[in-house]
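S.K.: This structure is in structure tokens; I'll ask about it shortly.
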Amino acid sequence: MAIRNANTALSDAKKFSAIDTSELARLMEKGDLEALREETERIERKTDIFTKADERHRARTPEKVKEIKDAVRERVLKTSVYKDVVDELDKAKVGRIYVNKHQGETKGVGKIIDDLGGADNTDGSCSSLALAYAGNRAGYDVLDFRGGDSRKYFADTDNISKIAKACGGIEDRDKDALAMARRLLCNVTDVGKEYYFGIGRHAAIVRMGSYSLEYLELQDDPRGNYWHSLADYALKGELKDRFNVSMGKSGYKHAWLFSVEDLSKDKGFRYLLEYINTEESKQQKGAGGSIK
């Protein structure tokens, strides 16, 4: 009877991956009936708890699920460093699309580039695209190229400054753009560690590669979306040609640098991404688009 009950408990518990049945299996092999009965009862109680929770979850209406998600969102944002930014986005009536955690195997960089990248059909989504990349690296499924008010908000220099400040990033101003870029990029030293870097009229993800600094292109056709050198010998040319930086010294320029890792440390980042996230069918990228 004890063995039969244990087998039933084992079978029922396997429906829930969070229930560890290794001790029950070990006792079945050992044949310690008294200990087996106690462990069977423990597994049965735990399975009962999980079964009832699963039934409650399945019984929830879509309205109830939304209510729960909204309650969690509100609780997280109360203490989030991004609360003020999110409040501004709401006031600006920028639409939001719920962001899910990625399911299954962790997305590699190549897969993220394939999912996100494309020739840009908006007025220039580089800043929000870099943030969407950071979201994917944090384990969220986020798409961009939404355009409209979302693009305008995340491209605005004042708003970039707010995000940089919130996550502990660096903001700089200088008439000499090249010197300023070098000053900021000297913080990028750990191989593979990724940063949001914005200067001039462009923002991109940068990292220290195996041999030199690199920036990630995401607004080209698939053949051009990869890591490009930002080594010192190429820096001036890339700042001028790709980042559209005025190399004259007549006026002040802005630049920002903050790590992808620091962006996502605060749980509110997930809800900031809702204002970037875009339905796959509504992405403004592809034929007719261009690097911007």
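By order in the structure tokens, chains are A, B, ...; within a chain, residues start at 1; ligands start at 1, following the order shown.
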Can you list, as a PyMOL selection string, every residue of stretch 10-237 of chain A that DSSP puts in alpha helix (DSSP H)?
M.R.: chain A and resi 10-13+22-30+33-59+62-78+83-91+109-116+126-137+148-155+157-166+177-185+232-237
S.K.: Write out as CSV the residues of stretch 23-141 of chain A that have any atom within 12 Å of an atom of stretch 199-202 of chain A, one row each with the nearest atom pair and its distance in Å to one decimal, counting only C-alpha atoms, sorted by chain and then rising number.
M.R.:
residue,atom,partner,partner_atom,distance
A:Asp123,CA,A:Arg201,CA,11.6
A:Gly124,CA,A:His202,CA,8.6
A:Ser125,CA,A:His202,CA,9.1
A:Cys126,CA,A:His202,CA,6.2
A:Ser127,CA,A:His202,CA,7.2
A:Ser128,CA,A:His202,CA,10.8
A:Leu129,CA,A:His202,CA,10.8
A:Ala130,CA,A:His202,CA,10.1
S.K.: Could you write out that same residue set with C-alpha atoms as a compact mmCIF listing (two decimals), in the first residue's frame?
M.R.:
# COMPACT_ATOMS: atom_id res chain seq x y z
CA ASP A 123 12.01 59.48 -38.40
CA GLY A 124 14.85 57.80 -36.50
CA SER A 125 14.37 55.22 -33.74
CA CYS A 126 17.99 54.81 -32.68
CA SER A 127 17.50 55.79 -29.02
CA SER A 128 14.41 53.68 -28.33
CA LEU A 129 15.97 50.84 -30.33
CA ALA A 130 19.05 50.86 -28.08
S.K.: With a distance cut-off of 9 Å and only C-alpha atoms, select the neighbouring residues of stretch 34-49 of chain A, excluding the residue or stretch itself and same-chain residues fewer than 4 positions from it, and output the selection as an MDAnalysis selection string.
M.R.: chainID A and resid 2:3 5:7 9:10 12:13 15:16 19:21 23:24 27:28 53:54
S.K.: Take the residues from that selection and put them in a file with C-alpha atoms, as a PDB file, in the first residue's frame.
M.R.:
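Wrote selection.pdb, looks like this:
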ATOM      1  CA  ALA A   2       2.813   2.443   0.915  1.00  0.00           C
ATOM      2  CA  ILE A   3       4.592   1.842  -2.390  1.00  0.00           C
ATOM      3  CA  ASN A   5       0.510   5.531  -2.582  1.00  0.00           C
ATOM      4  CA  ALA A   6       4.048   6.768  -3.165  1.00  0.00           C
ATOM      5  CA  ASN A   7       3.805   5.986  -6.882  1.00  0.00           C
ATOM      6  CA  ALA A   9       2.012  10.874  -5.246  1.00  0.00           C
ATOM      7  CA  LEU A  10       5.064  10.803  -7.498  1.00  0.00           C
ATOM      8  CA  ASP A  12       0.716  13.650  -9.438  1.00  0.00           C
ATOM      9  CA  ALA A  13       3.685  15.763  -8.317  1.00  0.00           C
ATOM     10  CA  LYS A  15       2.800  17.907 -13.101  1.00  0.00           C
ATOM     11  CA  PHE A  16       4.593  20.693 -11.196  1.00  0.00           C
ATOM     12  CA  ILE A  19       8.022  20.096  -6.504  1.00  0.00           C
ATOM     13  CA  ASP A  20      11.202  18.176  -5.708  1.00  0.00           C
ATOM     14  CA  THR A  21      10.411  14.441  -5.629  1.00  0.00           C
ATOM     15  CA  GLU A  23      13.704  12.187  -1.751  1.00  0.00           C
ATOM     16  CA  LEU A  24      10.487  10.279  -2.394  1.00  0.00           C
ATOM     17  CA  LEU A  27      12.980   6.231  -0.217  1.00  0.00           C
ATOM     18  CA  MET A  28      11.031   4.055  -2.664  1.00  0.00           C
ATOM     19  CA  ALA A  53      -3.209  27.451  -7.075  1.00  0.00           C
ATOM     20  CA  ASP A  54      -3.221  26.185 -10.669  1.00  0.00           C
TER      21      ASP A  54
END
S.K.: Tell me which protein, DNA and RNA residues are within 8 Å of A:Trp227, counting only C-alpha atoms, leaving out same-chain ones fewer than 5 positions away, and put them as a compact mmCIF listing (two decimals) with N, CA, C and O atoms, in the first residue's frame.
M.R.:
# COMPACT_ATOMS: atom_id res chain seq x y z
N GLU A 214 33.55 48.89 -30.02
CA GLU A 214 32.65 48.61 -31.14
C GLU A 214 31.29 49.24 -30.85
O GLU A 214 30.91 49.38 -29.70
N TYR A 215 30.57 49.59 -31.92
CA TYR A 215 29.17 50.00 -31.75
C TYR A 215 28.29 49.08 -32.59
O TYR A 215 28.73 48.53 -33.61
N LEU A 216 27.05 48.90 -32.15
CA LEU A 216 26.13 47.98 -32.81
C LEU A 216 25.19 48.73 -33.73
O LEU A 216 24.45 49.62 -33.29
N GLU A 217 25.21 48.37 -35.00
CA GLU A 217 24.26 48.93 -35.96
C GLU A 217 22.98 48.08 -35.95
O GLU A 217 23.03 46.85 -36.03
S.K.: Which residues are close to A:Gly95, i.e. within 8 Å by only C-alpha atoms, leaving aside same-chain residues fewer than 3 positions away? Reply as a PyMOL selection string.
M.R.: chain A and resi 90+150+275
S.K.: Would you kindly return, as a PDB file with C-alpha atoms, in the first residue's frame, each protein, DNA or RNA residue with an atom no farther than 6 Å from any atom of A:Gly169, considering only C-alpha atoms and excluding same-chain residues fewer than 3 positions away?
M.R.:
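Below is the file that was written, selection_32.pdb:
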ATOM      1  CA  ALA A 164      20.674  58.384 -17.665  1.00  0.00           C
ATOM      2  CA  LYS A 165      20.362  60.050 -14.275  1.00  0.00           C
ATOM      3  CA  LEU A 257      26.793  56.777 -21.386  1.00  0.00           C
ATOM      4  CA  PHE A 258      25.103  54.216 -19.159  1.00  0.00           C
TER       5      PHE A 258
END
